[in-house]
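Structure file input-v1.txt (compact mmCIF, C-alpha atoms) is printed below.
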# COMPACT_ATOMS: atom_id res chain seq x y z
CA GLN Q 1 -5.01 -12.05 101.06
CA ALA Q 2 -5.93 -10.01 98.06
CA ASP Q 3 -9.47 -10.15 96.83
CA GLU Q 4 -10.12 -12.21 93.71
CA PRO Q 5 -10.91 -9.97 90.75
CA SER Q 6 -14.55 -9.75 89.90
CA GLU Q 7 -15.89 -11.33 86.69
CA SER Q 8 -16.49 -7.89 85.21
CA ALA Q 9 -13.00 -6.72 86.10
CA ALA Q 10 -11.43 -9.83 84.63
CA ALA Q 11 -13.41 -9.37 81.45
CA SER Q 12 -12.25 -5.79 81.12
CA VAL Q 13 -8.59 -6.75 81.15
CA PRO Q 14 -7.54 -7.23 77.52
CA SER Q 15 -5.84 -10.53 76.90
CA PRO Q 16 -2.53 -10.36 75.03
CA GLN Q 17 -2.96 -10.76 71.27
CA PRO Q 18 -0.52 -12.84 69.26
CA SER Q 19 1.68 -10.88 66.92
CA PRO Q 20 1.17 -11.36 63.19
CA ALA Q 21 4.58 -13.01 63.03
CA SER Q 22 3.63 -15.61 65.65
CA MET Q 23 0.47 -16.47 63.73
CA ARG Q 24 2.31 -17.46 60.60
CA SER Q 25 2.79 -21.18 60.17
CA PRO Q 26 6.23 -22.37 59.08
CA GLN Q 27 6.53 -22.45 55.32
CA PRO Q 28 8.18 -25.42 53.64
CA SER Q 29 11.17 -24.80 51.43
CA PRO Q 30 10.11 -24.60 47.78
CA ASP Q 31 10.91 -27.55 45.59
CA PRO Q 32 13.36 -26.19 42.98
CA PHE Q 33 12.15 -28.75 40.45
CA ALA Q 34 8.40 -28.21 40.92
CA PRO Q 35 6.57 -26.17 38.27
CA ARG Q 36 5.86 -22.69 39.58
CA LYS Q 37 2.54 -20.88 39.44
CA ASP Q 38 1.99 -18.33 36.70
CA GLY Q 39 3.34 -14.96 37.79
CA GLU Q 40 6.09 -16.45 39.94
CA SER Q 41 8.08 -17.86 37.05
CA ALA Q 42 9.14 -16.81 33.59
CA GLY Q 43 8.76 -20.43 32.48
CA LEU Q 44 11.12 -21.75 29.82
CA ALA Q 45 14.05 -19.92 28.25
CA VAL Q 46 14.60 -21.02 24.64
CA CYS Q 47 18.03 -20.27 23.25
CA VAL Q 48 18.55 -20.53 19.47
CA THR Q 49 22.14 -20.18 18.30
CA GLY Q 50 23.92 -20.46 14.97
CA GLN Q 51 23.60 -18.63 11.65
CA LEU Q 52 20.82 -16.64 10.04
CA ALA Q 53 21.31 -18.39 6.71
CA ARG Q 54 20.72 -21.82 8.31
CA LEU Q 55 17.74 -20.84 10.43
CA GLU Q 56 14.63 -23.03 10.50
CA LEU Q 57 11.73 -21.38 12.33
CA ARG Q 58 8.42 -23.08 11.50
CA SER Q 59 8.81 -26.19 13.65
CA LYS Q 60 10.26 -24.23 16.56
CA LEU Q 61 7.31 -21.85 16.52
CA GLN Q 62 4.65 -24.57 16.26
CA ASN Q 63 6.02 -27.36 18.44
CA LEU Q 64 8.10 -25.52 21.04
CA LEU Q 65 7.14 -21.86 21.43
CA ALA Q 66 3.40 -22.03 20.75
CA ALA Q 67 3.19 -25.26 22.75
CA HIS Q 68 4.02 -23.23 25.89
CA GLY Q 69 2.51 -19.85 25.03
CA PRO Q 70 4.04 -16.36 25.37
CA GLU Q 71 3.43 -16.24 29.13
CA ARG Q 72 5.46 -19.39 29.74
CA VAL Q 73 8.33 -19.07 27.29
CA GLY Q 74 10.97 -16.49 26.44
CA LEU Q 75 13.05 -16.66 23.26
CA PHE Q 76 16.70 -15.58 23.02
CA MET Q 77 18.60 -15.69 19.73
CA ILE Q 78 22.27 -15.40 18.75
CA LEU Q 79 22.49 -15.76 14.97
CA GLU Q 80 25.50 -14.81 12.87
CA LYS Q 81 25.04 -12.85 9.66
CA GLY Q 82 26.71 -13.94 6.44
CA ASP Q 83 26.84 -16.96 4.15
CA ALA Q 84 25.91 -20.34 5.59
CA VAL Q 85 28.93 -22.27 6.88
CA TYR Q 86 28.81 -26.02 7.49
CA VAL Q 87 31.56 -27.69 9.47
CA ASN Q 88 30.36 -31.01 8.08
CA THR Q 89 29.65 -30.45 4.40
CA LYS Q 90 27.36 -33.48 4.11
CA THR Q 91 24.78 -31.66 6.26
CA HIS Q 92 24.51 -28.72 3.83
CA GLN Q 93 20.88 -28.47 2.69
CA VAL Q 94 19.73 -26.15 -0.09
CA GLU Q 95 16.21 -27.43 -0.84
CA GLY Q 96 13.14 -25.62 0.44
CA GLY Q 97 14.90 -22.30 0.95
CA CYS Q 98 17.19 -23.69 3.64
CA ASP Q 99 20.14 -21.76 2.25
CA VAL Q 100 18.47 -18.33 2.04
CA GLU Q 101 19.41 -15.79 4.70
CA PRO Q 102 16.48 -13.81 6.15
CA THR Q 103 17.08 -10.36 7.53
CA PRO Q 104 17.24 -9.73 11.29
CA ASP Q 105 14.05 -7.66 11.07
CA GLU Q 106 12.21 -10.49 9.31
CA VAL Q 107 13.26 -12.97 11.98
CA GLN Q 108 12.36 -10.71 14.89
CA GLU Q 109 8.94 -10.03 13.41
CA ALA Q 110 8.30 -13.73 12.80
CA VAL Q 111 8.99 -14.78 16.41
CA GLN Q 112 6.76 -12.28 18.17
CA PRO Q 113 5.42 -12.31 20.88
CA TYR Q 114 7.99 -14.78 22.22
CA LEU Q 115 11.20 -12.85 21.59
CA ARG Q 116 12.95 -11.36 24.62
CA ALA Q 117 16.37 -10.50 23.16
CA ALA Q 118 18.38 -11.12 20.00
CA LEU Q 119 21.86 -10.48 18.65
CA PHE Q 120 23.00 -10.79 15.03
CA PRO Q 121 26.81 -10.52 15.07
CA GLU Q 122 29.32 -11.03 12.32
CA HIS Q 123 31.24 -14.30 12.47
CA LYS Q 124 34.27 -14.12 14.75
CA ILE Q 125 37.35 -16.33 14.29
CA TYR Q 126 38.80 -17.37 17.65
CA PRO Q 127 42.56 -18.01 17.94
CA VAL Q 128 43.37 -21.62 18.85
CA ASN Q 129 46.72 -23.09 19.82
CA MET Q 130 46.58 -26.56 18.28
CA SER Q 131 49.48 -27.79 20.44
CA GLU Q 132 47.04 -27.71 23.37
CA TRP Q 133 44.72 -30.14 21.58
CA PRO Q 134 46.98 -33.08 20.64
CA HIS Q 135 44.18 -35.68 20.81
CA TYR Q 136 41.43 -33.71 19.08
CA ARG Q 137 39.69 -35.43 16.14
CA PRO Q 138 42.34 -38.00 15.14
CA ASP Q 139 40.11 -38.81 12.15
CA LEU Q 140 41.04 -35.44 10.65
CA ARG Q 141 44.50 -35.57 9.12
CA ALA Q 142 44.93 -31.99 8.00
CA GLU Q 143 45.74 -29.50 10.75
CA ARG Q 144 43.73 -26.81 8.95
CA ASP Q 145 40.61 -29.00 9.20
CA LYS Q 146 41.13 -29.51 12.93
CA LEU Q 147 41.67 -25.78 13.38
CA PHE Q 148 38.51 -24.94 11.46
CA HIS Q 149 36.43 -27.33 13.59
CA LEU Q 150 37.85 -26.04 16.87
CA GLN Q 151 37.31 -22.42 15.92
CA SER Q 152 33.69 -23.25 15.11
CA HIS Q 153 33.29 -24.91 18.50
CA HIS Q 154 34.60 -21.79 20.22
CA ALA Q 155 32.04 -19.67 18.40
CA GLN Q 156 29.27 -22.05 19.51
CA PHE Q 157 30.42 -21.89 23.13
CA GLU Q 158 30.56 -18.10 23.05
CA HIS Q 159 27.03 -17.93 21.64
CA GLY Q 160 25.78 -20.20 24.42
CA GLN Q 161 27.38 -17.95 27.03
CA GLU Q 162 25.87 -14.84 25.50
CA CYS Q 163 22.44 -16.46 25.39
CA ALA Q 164 22.69 -17.31 29.09
CA ARG Q 165 23.75 -13.74 29.84
CA MET Q 166 20.69 -12.39 28.01
CA MET Q 167 18.47 -14.73 30.03
CA LEU Q 168 19.99 -13.45 33.29
CA GLU Q 169 19.43 -9.86 32.17
CA GLU Q 170 15.77 -10.65 31.43
CA GLU Q 171 15.36 -12.12 34.92
CA GLU Q 172 16.88 -8.97 36.41
CA ARG Q 173 14.57 -6.77 34.33
CA THR Q 174 11.33 -8.62 35.15
CA GLY Q 175 12.03 -9.94 38.64
CA LYS Q 176 10.96 -13.40 37.46
CA ARG Q 177 13.09 -16.52 37.23
CA PHE Q 178 13.10 -19.11 34.49
CA GLU Q 179 12.68 -22.75 35.43
CA ALA Q 180 14.91 -24.18 32.69
CA MET Q 181 16.73 -23.32 29.48
CA VAL Q 182 16.73 -25.32 26.27
CA ARG Q 183 19.36 -24.58 23.65
CA VAL Q 184 18.62 -25.64 20.08
CA ARG Q 185 20.63 -25.18 16.92
CA ASP Q 186 19.64 -22.86 14.11
CA ASN Q 187 18.67 -25.66 11.70
CA GLY Q 188 17.33 -28.07 14.33
CA VAL Q 189 13.82 -29.31 13.59
CA VAL Q 190 11.33 -29.83 16.44
CA SER Q 191 9.33 -32.60 14.83
CA ALA Q 192 6.61 -32.95 17.51
CA HIS Q 193 5.17 -31.21 20.57
CA PHE Q 194 8.15 -30.63 22.86
CA SER Q 195 7.97 -29.60 26.54
CA PRO Q 196 11.38 -29.30 28.23
CA LEU Q 197 9.67 -28.04 31.40
CA ASP Q 198 7.90 -31.38 31.79
CA ILE Q 199 11.20 -33.21 31.30
CA VAL Q 200 12.92 -31.16 34.00
CA ALA Q 201 9.98 -31.37 36.41
CA ASN Q 202 9.79 -35.16 36.10
CA ALA Q 203 13.53 -35.73 36.43
CA GLY Q 204 13.65 -35.41 40.22
CA SER Q 205 17.36 -34.62 40.19
CA ARG Q 206 19.82 -32.11 38.83
CA GLU Q 207 20.44 -33.37 35.31
CA VAL Q 208 21.32 -31.87 31.94
CA PHE Q 209 19.57 -33.63 29.06
CA ALA Q 210 21.08 -34.17 25.61
CA LYS Q 211 20.10 -36.17 22.55
CA ASP Q 212 21.10 -39.82 22.66
CA CYS Q 213 23.16 -39.68 19.50
CA ASN Q 214 26.91 -39.21 19.43
CA GLY Q 215 28.14 -40.50 16.10
CA TRP Q 216 30.97 -37.96 16.19
CA GLY Q 217 31.98 -39.00 19.71
CA GLY Q 218 31.45 -37.11 22.95
CA VAL Q 219 28.10 -35.56 23.91
CA SER Q 220 25.64 -34.33 21.30
CA ASP Q 221 24.86 -30.63 21.61
CA LYS Q 222 22.05 -30.55 19.05
CA VAL Q 223 19.61 -30.03 21.93
CA LEU Q 224 20.50 -29.28 25.56
CA ILE Q 225 17.90 -29.02 28.35
CA VAL Q 226 19.31 -27.43 31.50
CA PRO Q 227 17.54 -26.81 34.84
CA ARG Q 228 17.73 -23.15 35.85
CA ASP Q 229 20.13 -23.64 38.76
CA MET Q 230 22.63 -25.31 36.40
CA VAL Q 231 22.56 -22.73 33.59
CA GLU Q 232 25.65 -20.87 34.78
CA SER Q 233 27.64 -24.10 35.16
CA ALA Q 234 26.52 -25.45 31.78
CA PHE Q 235 26.99 -22.33 29.67
CA MET Q 236 29.22 -19.84 31.47
CA HIS Q 237 32.29 -21.82 32.58
As structure tokens, how would this structure be written, given the file I've shared?
Amino acid sequence: QADEPSESAAASVPSPQPSPASMRSPQPSPDPFAPRKDGESAGLAVCVTGQLARLELRSKLQNLLAAHGPERVGLFMILEKGDAVYVNTKTHQVEGGCDVEPTPDEVQEAVQPYLRAALFPEHKIYPVNMSEWPHYRPDLRAERDKLFHLQSHHAQFEHGQECARMMLEEEERTGKRFEAMVRVRDNGVVSAHFSPLDIVANAGSREVFAKDCNGWGGVSDKVLIVPRDMVESAFMH
């Protein structure tokens, strides 16, 4: 029978140490809807689309951009150059300088330090085959009016796609990920403090938010709030 090891001998035998990997406790999966800590997230992507000549900036700066701060918001703009065009002529406003086109340089200077990327293209007319849209806007009798509206819609959709692409490029550049995107129109007025991140965080489900007004039928696109994991589906398909 082998002798029992002495106390001193037993003490001199190093006990196996756990590996660093075995010491780590399991980490829970992150909640995709929970607000992220500063440094881990780029915060809110704000997408402004439309026309330079129709652009309203003051309320967006005060009640949307400044409400979050430059560390928690990134601004992306797609604004066409040229005369203001209104699909619905009754919405054409000229008071208060609303029909004066600023220059791209003036706009980019005014929205610092929030601006991440901006494009100022010329207006593009998209070809539309009206035979594929037999039920579109029955209230419009003239085919030229229907065509004009549809071509404008196509331009809006293309601007939304390009804005989403710029957001993805910013994520690739910085290594940070936005939590949500809000798209607002050029002449949309943010009349009070507005926090789309709070709306997304409190939703608890994958939802796209739009204004509850649809006098023209369909879904209003005056404001769209989209959780980050739905941006591609909402804007790029």
Coordinates-based distance that separates CA of Tyr126 (chain Q) from CA of His154 (chain Q) (Å, one decimal):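 Separation of CA of His154 (chain Q) and CA of Tyr126 (chain Q): 6.6 Å.
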7 Å contact set for Val46 (chain Q), only C-alpha atoms, chain neighbours under 6 positions out, as an MDAnalysis selection string: chainID Q and resid 74:76 181:183
Go through region 124-170 of chain Q and flag each residue having an atom no more than 10 Å from region 50-70 of chain Q; for those, report the closest pair of atoms plus their distance in Å to one decimal, using all atoms listed in the file, ordered by chain and rising number, as JSON lines.
{"residue": "Q:Ala155", "atom": "CA", "partner": "Q:Gly50", "partner_atom": "CA", "distance": 8.9}
{"residue": "Q:Gln156", "atom": "CA", "partner": "Q:Gly50", "partner_atom": "CA", "distance": 7.2}
{"residue": "Q:His159", "atom": "CA", "partner": "Q:Gly50", "partner_atom": "CA", "distance": 7.8}
{"residue": "Q:Gly160", "atom": "CA", "partner": "Q:Gly50", "partner_atom": "CA", "distance": 9.6}
Pick from Q:Asp229, Q:Asp145, Q:Glu207, Q:Glu158, whichever lies nearest to Ala180 (chain Q) using all atoms listed in the file: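 Result for the nearest residue to Ala180 (chain Q): Q:Asp229.
The two atoms in question, CA of Cys213 (chain Q) and CA of Ser233 (chain Q), are spaced 22.5 Å apart.
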Surrounding residues of Gln161 (chain Q) excluding itself and chain neighbours under 2 positions, 10 Å, only C-alpha atoms, as a list in words: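 After dropping sequence-adjacent residues, the list is Ala155, Gln156, Phe157, Glu158, His159, Cys163, Ala164, Arg165, Met166, Met167, Val231, Glu232, Ala234, Phe235, Met236 and His237 of chain Q.
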Best match for closeness to Asp83 (chain Q) among Q:Ala110, Q:Leu115, Q:Ala45, Q:Val100, counting only C-alpha atoms: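 Looking only at the distances to Asp83 (chain Q), the closest residue turns out to be Q:Val100.
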